[in-house]
Each structure stands twice: as C-alpha cells, then as structure tokens.
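J.: File name query12.tsv; file contents TSV, C-alpha atoms; full text below.
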chain	number	residue	atom	x	y	z
D	874	MET	CA	76.16	50.63	141.77
D	875	ALA	CA	78.64	52.94	140.24
D	876	ARG	CA	81.63	51.61	138.40
D	877	MET	CA	84.45	49.84	140.14
D	878	LYS	CA	87.47	52.12	140.28
D	879	PHE	CA	90.93	52.47	141.76
D	880	LEU	CA	92.02	55.69	143.41
D	881	CYS	CA	95.61	56.23	144.54
D	882	ASP	CA	96.31	58.93	147.08
D	883	ALA	CA	99.75	60.26	146.11
D	884	GLU	CA	100.08	62.04	149.47
D	885	ARG	CA	99.92	58.72	151.29
D	886	CYS	CA	101.73	56.27	149.01
D	887	ILE	CA	105.10	55.40	150.55
D	888	GLU	CA	106.34	53.30	147.64
D	889	CYS	CA	106.39	50.13	149.73
D	890	ASN	CA	105.24	48.02	146.76
D	891	GLY	CA	102.88	46.13	149.05
D	892	CYS	CA	100.17	46.40	146.39
D	893	VAL	CA	102.48	44.91	143.77
D	894	THR	CA	103.36	42.04	146.09
D	895	ALA	CA	99.73	41.45	147.04
D	896	CYS	CA	98.75	41.30	143.37
D	897	LYS	CA	101.59	38.92	142.52
D	898	GLN	CA	100.72	36.64	145.40
D	899	GLU	CA	96.96	36.69	144.99
D	900	ASN	CA	96.96	36.03	141.27
D	901	GLU	CA	100.20	34.05	141.02
D	902	VAL	CA	101.41	36.40	138.31
D	903	PRO	CA	104.57	35.09	136.60
D	904	TRP	CA	107.91	36.87	136.49
D	905	GLY	CA	108.08	39.56	133.85
D	906	VAL	CA	104.40	40.40	134.11
D	907	ASN	CA	103.51	43.36	136.30
D	908	ARG	CA	99.82	43.91	136.56
D	909	ARG	CA	100.48	46.67	139.05
D	910	ARG	CA	103.54	48.81	139.70
D	911	VAL	CA	104.48	51.86	141.70
D	912	VAL	CA	105.67	54.94	139.84
D	913	THR	CA	107.64	57.65	141.66
D	914	LEU	CA	107.96	61.21	140.43
D	915	ASN	CA	110.91	63.38	141.48
D	916	ASP	CA	112.52	60.42	143.19
D	917	GLY	CA	114.92	61.46	145.93
D	918	ILE	CA	113.77	65.07	146.03
D	919	PRO	CA	111.83	66.20	149.13
D	920	GLY	CA	108.16	66.10	148.30
D	921	GLU	CA	108.50	63.19	145.89
D	922	LYS	CA	105.24	61.55	144.92
D	923	SER	CA	104.56	57.90	144.37
D	924	MET	CA	101.53	56.36	142.77
D	925	SER	CA	100.38	52.81	142.28
D	926	VAL	CA	99.29	52.20	138.70
D	927	ALA	CA	97.47	49.31	137.06
D	928	CYS	CA	94.58	48.96	134.63
D	929	MET	CA	92.24	51.86	135.39
D	930	HIS	CA	89.22	50.02	133.97
D	931	CYS	CA	88.40	52.99	131.77
D	932	SER	CA	84.79	53.86	131.10
D	933	ASP	CA	85.66	54.24	127.42
D	934	ALA	CA	88.60	51.89	127.22
D	935	PRO	CA	90.98	52.42	124.26
D	936	CYS	CA	92.15	48.80	124.49
D	937	MET	CA	88.60	47.65	123.79
D	938	ALA	CA	88.36	50.00	120.84
D	939	VAL	CA	91.55	48.87	119.11
D	940	CYS	CA	91.42	45.11	119.75
D	941	PRO	CA	91.23	43.48	116.30
D	942	VAL	CA	89.61	40.31	117.62
D	943	ASP	CA	87.28	42.14	120.05
D	944	CYS	CA	88.31	40.01	123.00
D	945	PHE	CA	87.46	42.63	125.64
D	946	TYR	CA	84.24	43.09	127.51
D	947	ARG	CA	83.03	45.23	130.36
D	948	THR	CA	81.06	43.77	133.24
D	949	ASP	CA	78.04	45.33	134.92
D	950	GLU	CA	80.37	46.69	137.60
D	951	GLY	CA	82.48	48.50	135.02
D	952	VAL	CA	85.43	46.10	135.15
D	953	VAL	CA	87.24	45.72	131.82
D	954	LEU	CA	88.10	42.06	131.24
D	955	HIS	CA	89.33	40.07	128.29
D	956	ASP	CA	89.10	36.56	126.92
D	957	LYS	CA	92.55	34.97	126.63
D	958	ASP	CA	91.17	32.28	124.33
D	959	MET	CA	90.39	34.98	121.77
D	960	CYS	CA	93.48	37.14	122.33
D	961	ILE	CA	96.09	36.82	119.57
D	962	GLY	CA	98.82	38.72	121.45
D	963	CYS	CA	99.15	41.41	118.80
D	964	GLY	CA	100.00	44.14	121.30
D	965	TYR	CA	97.64	46.82	119.93
D	966	CYS	CA	96.09	47.23	123.37
D	967	PHE	CA	99.52	47.92	124.84
D	968	TYR	CA	100.08	50.79	122.42
D	969	ALA	CA	96.57	52.14	122.97
D	970	CYS	CA	96.65	52.05	126.78
D	971	PRO	CA	97.84	55.34	128.34
D	972	PHE	CA	98.81	53.49	131.55
D	973	GLY	CA	100.86	50.63	130.08
D	974	ALA	CA	98.51	48.17	131.75
D	975	PRO	CA	98.50	45.32	129.20
D	976	GLN	CA	101.41	42.98	129.83
D	977	PHE	CA	102.82	40.25	127.62
D	978	PRO	CA	104.65	37.24	129.03
D	979	GLN	CA	107.88	36.66	127.14
D	980	ALA	CA	109.08	33.55	128.90
D	981	GLY	CA	107.84	31.19	126.17
D	982	ALA	CA	109.80	29.57	123.38
D	983	PHE	CA	111.84	31.97	121.21
D	984	GLY	CA	110.83	34.90	123.41
D	985	MET	CA	107.57	35.18	121.54
D	986	ARG	CA	104.93	37.56	122.78
D	987	GLY	CA	102.27	35.60	124.58
D	988	LYS	CA	98.65	36.38	125.30
D	989	MET	CA	97.93	39.65	126.99
D	990	ASP	CA	97.65	39.73	130.75
D	991	LYS	CA	96.40	42.63	132.83
D	992	CYS	CA	94.76	43.62	136.08
D	993	THR	CA	91.29	42.09	136.31
D	994	PHE	CA	90.21	44.09	139.36
D	995	CYS	CA	90.41	40.63	140.93
D	996	ALA	CA	87.34	39.68	138.90
D	997	GLY	CA	88.70	36.68	136.97
D	998	GLY	CA	87.56	36.08	133.42
D	999	PRO	CA	84.94	34.34	131.29
D	1000	GLU	CA	85.52	30.90	132.80
D	1001	PRO	CA	83.23	29.70	135.62
D	1002	ASP	CA	83.85	31.77	138.75
D	1003	ASN	CA	86.54	30.49	141.11
D	1004	SER	CA	87.29	27.53	138.85
D	1005	LYS	CA	90.80	26.15	138.32
D	1006	GLU	CA	90.71	27.24	134.69
D	1007	GLU	CA	89.82	30.79	135.63
D	1008	PHE	CA	92.57	30.98	138.22
D	1009	ALA	CA	95.17	29.58	135.83
D	1010	LYS	CA	94.36	32.14	133.15
D	1011	TYR	CA	93.29	35.23	135.03
D	1012	GLY	CA	94.03	34.74	138.70
D	1013	SER	CA	91.76	35.11	141.66
D	1014	ASN	CA	88.12	36.16	141.38
D	1015	ARG	CA	87.71	38.05	144.62
D	1016	LEU	CA	84.63	39.97	143.53
D	1017	ALA	CA	82.77	36.68	143.22
D	1018	GLN	CA	83.93	35.92	146.77
D	1019	GLY	CA	82.50	39.19	148.07
D	1020	LYS	CA	85.96	40.71	148.43
D	1021	LEU	CA	87.68	43.69	146.88
D	1022	PRO	CA	91.00	43.74	144.98
D	1023	ALA	CA	93.89	42.40	147.05
D	1024	CYS	CA	96.14	45.37	146.30
D	1025	ALA	CA	93.71	47.91	147.77
D	1026	GLU	CA	92.78	45.76	150.75
D	1027	MET	CA	96.43	45.09	151.55
D	1028	CYS	CA	97.63	48.71	151.21
D	1029	SER	CA	99.26	49.55	154.53
D	1030	THR	CA	98.66	53.29	154.40
D	1031	LYS	CA	95.36	52.96	152.58
D	1032	ALA	CA	96.77	55.14	149.83
D	1033	LEU	CA	95.30	52.81	147.26
D	1034	LEU	CA	91.53	52.66	147.42
D	1035	GLY	CA	89.60	50.20	145.31
D	1036	GLY	CA	85.92	49.51	145.01
D	1037	ASP	CA	82.70	51.23	144.10
D	1038	GLY	CA	83.59	54.62	142.64
D	1039	ASP	CA	81.09	56.55	144.75
D	1040	VAL	CA	82.17	54.91	147.99
D	1041	ILE	CA	85.92	55.41	147.52
D	1042	ALA	CA	85.32	58.99	146.35
D	1043	ASP	CA	83.49	59.64	149.64
D	1044	ILE	CA	86.34	58.05	151.63
D	1045	PHE	CA	88.90	60.17	149.81
D	1046	ARG	CA	86.85	63.35	150.19
D	1047	GLN	CA	86.52	62.86	153.94
D	1048	ARG	CA	90.25	62.23	154.16
D	1049	ALA	CA	91.21	65.26	152.11
D	1050	LEU	CA	88.89	67.54	154.08
D	1051	THR	CA	90.26	66.27	157.37
D	1052	ARG	CA	93.93	66.61	156.57
D	1053	GLY	CA	93.82	69.82	154.57
D	1054	LYS	CA	96.07	70.56	151.67
D	1055	GLY	CA	99.46	71.97	150.81
D	1056	SER	CA	102.55	71.80	152.97
D	1057	GLU	CA	100.69	70.64	156.09
D	1058	VAL	CA	99.86	67.35	154.39
D	1059	TRP	CA	103.39	66.00	154.68
D	1060	GLY	CA	106.31	66.78	156.90
D	1061	TRP	CA	107.04	66.94	160.60
D	1062	GLY	CA	103.54	67.72	161.77
D	1063	THR	CA	102.01	64.82	159.88
D	1064	ALA	CA	104.68	62.37	160.98
D	1065	TYR	CA	104.95	63.31	164.66
D	1066	GLY	CA	101.76	65.20	165.37
D	1067	LYS	CA	101.10	68.87	165.74
D	1068	PRO	CA	101.54	70.76	169.02
D	1069	ASP	CA	98.40	70.96	171.14
D	1070	HIS	CA	98.95	74.66	171.84
D	1071	PRO	CA	100.89	76.17	168.96
D	1072	GLN	CA	100.73	79.69	170.46
D	1073	GLN	CA	102.31	78.60	173.74
D	1074	GLN	CA	105.91	79.66	174.17
D	1075	ALA	CA	108.52	77.05	174.95
D	1076	PRO	CA	109.81	77.28	178.57
D	1077	LYS	CA	112.97	79.35	178.83
D	1078	GLU	CA	116.03	77.50	179.98
D	1079	ALA	CA	117.46	78.61	183.27
D	1080	LYS	CA	120.69	80.53	182.91
D	1081	SER	CA	123.62	78.92	184.62
E	354	MET	CA	83.22	30.61	70.44
E	355	ILE	CA	83.68	33.29	73.08
E	356	SER	CA	85.35	36.34	71.69
E	357	LEU	CA	88.27	37.97	73.41
E	358	ARG	CA	86.23	41.11	74.00
E	359	LYS	CA	83.47	39.24	75.85
E	360	LEU	CA	86.08	37.55	77.97
E	361	ALA	CA	87.61	40.91	78.85
E	362	ILE	CA	84.19	42.34	79.79
E	363	ALA	CA	83.44	39.32	81.98
E	364	GLY	CA	86.83	39.68	83.62
E	365	ALA	CA	86.31	43.39	84.26
E	366	ALA	CA	82.87	42.67	85.72
E	367	LEU	CA	84.41	40.13	88.08
E	368	VAL	CA	87.01	42.63	89.20
E	369	VAL	CA	84.32	45.28	89.84
E	370	LEU	CA	82.21	42.77	91.78
E	371	ALA	CA	85.21	41.71	93.84
E	372	GLY	CA	85.97	45.37	94.56
E	373	LEU	CA	82.41	46.08	95.58
E	374	SER	CA	82.31	43.12	97.92
E	375	GLY	CA	84.51	45.15	100.30
E	376	CYS	CA	81.63	47.59	100.71
E	377	GLY	CA	79.61	44.88	102.40
E	378	GLU	CA	81.94	44.85	105.36
E	379	LYS	CA	80.10	44.72	108.66
E	380	GLU	CA	80.59	47.18	111.51
E	381	GLN	CA	83.83	46.52	113.39
E	382	VAL	CA	83.56	49.19	116.07
E	383	VAL	CA	82.69	47.90	119.51
E	384	VAL	CA	79.17	48.88	120.47
E	385	TYR	CA	79.12	49.91	124.11
E	386	GLN	CA	75.94	48.94	125.85
E	387	GLN	CA	75.31	49.70	129.48
E	388	GLY	CA	74.90	46.55	131.52
E	389	LYS	CA	75.90	44.21	128.69
E	390	TYR	CA	78.98	42.09	128.39
E	391	GLN	CA	79.31	42.75	124.66
E	392	GLY	CA	78.07	39.28	123.90
E	393	LYS	CA	80.77	37.57	125.99
E	394	PRO	CA	79.64	34.95	128.50
E	395	ASP	CA	80.68	35.45	132.12
E	396	THR	CA	79.02	34.63	135.39
E	397	ARG	CA	77.86	37.58	137.44
E	398	PRO	CA	79.68	37.69	140.79
E	399	TRP	CA	76.42	37.79	142.75
E	400	ASP	CA	75.32	34.54	141.13
E	401	ASP	CA	77.82	32.66	143.25
E	402	ASP	CA	77.03	31.17	146.61
E	403	PRO	CA	78.87	33.17	149.29
E	404	GLY	CA	79.16	30.03	151.40
E	405	THR	CA	81.61	28.49	148.95
E	406	SER	CA	84.11	31.32	149.30
E	407	LEU	CA	87.08	30.89	151.55
E	408	TYR	CA	87.80	33.39	154.32
E	409	THR	CA	85.20	35.90	153.18
E	410	THR	CA	83.20	37.86	155.69
E	411	SER	CA	80.77	39.18	153.10
E	412	LYS	CA	77.31	37.69	153.04
E	413	TRP	CA	74.76	38.11	150.29
E	414	ASN	CA	71.83	36.23	148.87
E	415	LYS	CA	72.74	34.16	145.85
E	416	GLY	CA	71.53	35.87	142.69
E	417	ASP	CA	70.60	39.09	144.48
E	418	LYS	CA	72.64	41.90	142.99
E	419	SER	CA	71.63	44.55	145.50
E	420	SER	CA	72.60	42.46	148.52
E	421	TRP	CA	75.99	41.72	146.92
E	422	GLU	CA	76.49	45.43	146.32
E	423	THR	CA	75.58	46.22	149.91
E	424	ALA	CA	78.04	43.58	151.15
E	425	LEU	CA	80.82	45.07	149.02
E	426	LYS	CA	80.02	48.62	150.08
E	427	SER	CA	80.24	47.69	153.74
E	428	ARG	CA	83.52	45.87	153.07
E	429	ASN	CA	84.73	48.98	151.27
E	430	GLN	CA	84.51	50.86	154.58
E	431	ASN	CA	87.43	48.74	155.82
E	432	GLN	CA	89.53	51.05	153.67
E	433	ASN	CA	88.24	54.07	155.55
E	434	GLU	CA	90.40	54.57	158.62
E	435	TYR	CA	88.01	57.18	160.01
E	436	VAL	CA	85.46	54.39	160.29
E	437	ARG	CA	87.91	51.70	161.41
E	438	ILE	CA	89.74	53.61	164.13
E	439	GLY	CA	87.78	56.82	164.45
E	440	GLU	CA	88.95	60.37	163.93
Could you write out this structure as structure tokens?

T.:
Amino acid sequence: MARMKFLCDAERCIECNGCVTACKQENEVPWGVNRRRVVTLNDGIPGEKSMSVACMHCSDAPCMAVCPVDCFYRTDEGVVLHDKDMCIGCGYCFYACPFGAPQFPQAGAFGMRGKMDKCTFCAGGPEPDNSKEEFAKYGSNRLAQGKLPACAEMCSTKALLGGDGDVIADIFRQRALTRGKGSEVWGWGTAYGKPDHPQQQAPKEAKS
Amino acid sequence: MISLRKLAIAGAALVVLAGLSGCGEKEQVVVYQQGKYQGKPDTRPWDDDPGTSLYTTSKWNKGDKSSWETALKSRNQNQNEYVRIGE
C-alpha cells in the first residue's frame, strides 16, 4: 500500500466547513483546537479558491525532525502520529510545520500551552485501538475500524479525498480528465449544465 | 601534602574531561526506517477484529494486512462519484 494521503480539490471545495465539523464531531475535539480548517484565497472575488487543510502526514515530516523528545512516529501506512504522554508541549513542531497543523489547547489553568494535538488521519495513537484511553487522547481510530477519515468521507462535494495515495490520485486524475481545465471548470456550464447542441441557434421570437 | 600546582593540574584535567564528555553525545536525529514505528508501540489497524467495529461495512481477516488494504481500497471508491453514480 502506498502512503495514506489527503488531497483537496480546490475547484470543488465550496467552503462549507463540513470537514471541520465532521472532524470535531468524530474526535470530540475541544474548542480552540482546530485539527482541520478551510482556507480561502481571494475571498469574495469571482474565482475564489478554498482548500481544506490539516496535517498532511508528510513523508519527511519536519515536526518529527525537530521534536526534542522524539514523540512522533510514522505508521506502516504513512500516518504521522505522536505520543501525548511524551509530548512536553514545547511548540517546536508548530513552528516547523508549514501547514500550521499542530494545535495547542489553551483552556487549562493560567492559559498554559498544553500537549500538542493534531490530525491523526483518524488513526488514534499508541494506546490500544478503539480503547477509551485512545479516544480521550487522540479521538477516533477509524482506520482500525476499516474506515477512512471522517472529514473525507463526509465531504459533500467530494473535494476532499483521503485514503491510499495511489487510489485517490487515480480518482482525482479521472475527475480532472473528465471535467477539463480552465474556465470551463467553474461557472454557468458547470452549475446548470452545458447545452446539448451548442451550435444550434436559439429560435427567433416572432415579431409583433 | 598536596601542592597547589598539583591541585591546579587535577582541576584542569577534570575540566578537560568534563568538556570531552560532551563528545560522547549519542545521535539525536530521528532515523527514518520504512515500515517501522521508530520504536514506538502501536497496534496495527489490521490486527483488530472487524466484527468489533461499529457501523463498519469493511470486512477483513484479523491480522491480514493485504485483506485490510483491499477493504480500505474498495471503501475508498465511495469517494469516486464516477463509480458511485456513473458518468
């Protein structure tokens, strides 16, 4: 199996935040911690692009490289996970991550930075799979249930794809080849369909 | 009686030894190994019994990685609308 990856199709994302909600609900993520969020470029301008961003589970993850207590590990499926028992909440991973994926709960006493929390690709953590301890610390372990991340499975437009890198790349390739590229990807034709006979002239209105 | 000079030499030797002890530092860079969990314990997802999972439609043989991968790949096709609803 290739590595587990996310792929967000910016042409399809409608900024509904369904992925964010699905992640919050599935993993019972507390307020102030956003494992996933939707970023919009050129907001309000026609042709704006939105993209759902979370931990990208890098093949050569900078967070793993900078962690002073070496609390990260990568699973056989290429999912980057961490051990919250080892994490000291220093925040190095936050500075190293180009996506701002590591999150730190600040709801504790004195607003202190807590242990790092991030997207687990719905793969839990080091605790026994689907145990109460694992859920409390890391959230749901859907991979161990034979499921894929909740955000990708819940995406209404299927803009966010998640799963085996080869498989989602094939899905995206088929999609991109079918819809074409450029201005025909979005706009009237995409929303309401294209005319069956584009060369056909519209019937002339009878003169009164 | 220990002379002041001997004491100074012993002190300097201690300082040098303490300085050199830093050279014995072990490797701190994470060694990436394909298929390893970098020494961290974690259960493989295919080692779980699929029967214990709630609401899952995926079926695989416990401990069989390839059957788990096949189950996930077929579930992945639910994200492909050309398969779900046709072109």

J.: Could you tell me which of E:Ile355, E:Leu425, E:Ala363, E:Val369 comes closest to chain D if we count only C-alpha atoms?

T.: E:Leu425

J.: Identify, on the basis of all atoms listed in the file, every residue whose closest approach to Glu422 in chain E does not exceed 9 Å; exclude the query and any residue fewer than 2 positions from it along the same chain; express the result as a ChimeraX atom specification.

T.: /D:874,1019,1037 /E:399,413,417-420,424-427

J.: In Å, rounded to a single decimal, give me how far CA of Arg437 in chain E is from CA of Cys1024 in chain D.

T.: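 Distance reported for this atom pair: 18.3 Å.
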
J.: Could you please determine the separation between CA of Arg1052 in chain D and CA of Val436 in chain E in Å, to one decimal place?

T.: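 Atom-to-atom, CA of Arg1052 in chain D and CA of Val436 in chain E are spaced 15.3 Å apart.
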
J.: Separation of CA of Phe994 in chain D and CA of Asn900 in chain D, in Å?

T.: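 Those two atoms sit 10.7 Å apart.
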
J.: For each of D:Asp949, D:Glu1006, D:Glu888, D:Asp956, take the minimum atom-to-atom distance to chain E, counting all atoms listed in the file, then give the residue where this is smallest.

T.: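 Closest candidate: D:Asp949.
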
J.: Name all residues at most 9 Å from range 921-928 of chain D (count all atoms listed in the file; drop same-chain ones fewer than 5 positions away) and give them as a PyMOL selection string.

T.: chain D and resi 879-888+890+892-893+907-916+953+970+972-975+991-994+1032-1033

J.: At a cut-off of 7 Å, which residues of chain D touch chain E? Count only C-alpha atoms and give the answer as a PDB file with C-alpha atoms, in the coordinates of the input.

T.:
ATOM      1  CA  MET D 874      76.160  50.630 141.770  1.00  0.00           C
ATOM      2  CA  ALA D 938      88.360  50.000 120.840  1.00  0.00           C
ATOM      3  CA  TYR D 946      84.240  43.090 127.510  1.00  0.00           C
ATOM      4  CA  ARG D 947      83.030  45.230 130.360  1.00  0.00           C
ATOM      5  CA  THR D 948      81.060  43.770 133.240  1.00  0.00           C
ATOM      6  CA  ASP D 949      78.040  45.330 134.920  1.00  0.00           C
ATOM      7  CA  PRO D 999      84.940  34.340 131.290  1.00  0.00           C
ATOM      8  CA  GLU D1000      85.520  30.900 132.800  1.00  0.00           C
ATOM      9  CA  PRO D1001      83.230  29.700 135.620  1.00  0.00           C
ATOM     10  CA  ASP D1002      83.850  31.770 138.750  1.00  0.00           C
ATOM     11  CA  LEU D1016      84.630  39.970 143.530  1.00  0.00           C
ATOM     12  CA  ALA D1017      82.770  36.680 143.220  1.00  0.00           C
ATOM     13  CA  GLN D1018      83.930  35.920 146.770  1.00  0.00           C
ATOM     14  CA  GLY D1019      82.500  39.190 148.070  1.00  0.00           C
ATOM     15  CA  LYS D1020      85.960  40.710 148.430  1.00  0.00           C
ATOM     16  CA  GLU D1026      92.780  45.760 150.750  1.00  0.00           C
ATOM     17  CA  LYS D1031      95.360  52.960 152.580  1.00  0.00           C
ATOM     18  CA  LEU D1034      91.530  52.660 147.420  1.00  0.00           C
ATOM     19  CA  GLY D1036      85.920  49.510 145.010  1.00  0.00           C
ATOM     20  CA  VAL D1040      82.170  54.910 147.990  1.00  0.00           C
ATOM     21  CA  ILE D1044      86.340  58.050 151.630  1.00  0.00           C
TER      22      ILE D1044
END

J.: Restricting the calculation to all atoms listed in the file, which member of D:Ile961, D:Cys995, D:Val939, D:Met877 is positioned closest to Glu1007 in chain D?

T.: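 Using all atoms listed in the file, the shortest distance to Glu1007 in chain D belongs to D:Cys995.
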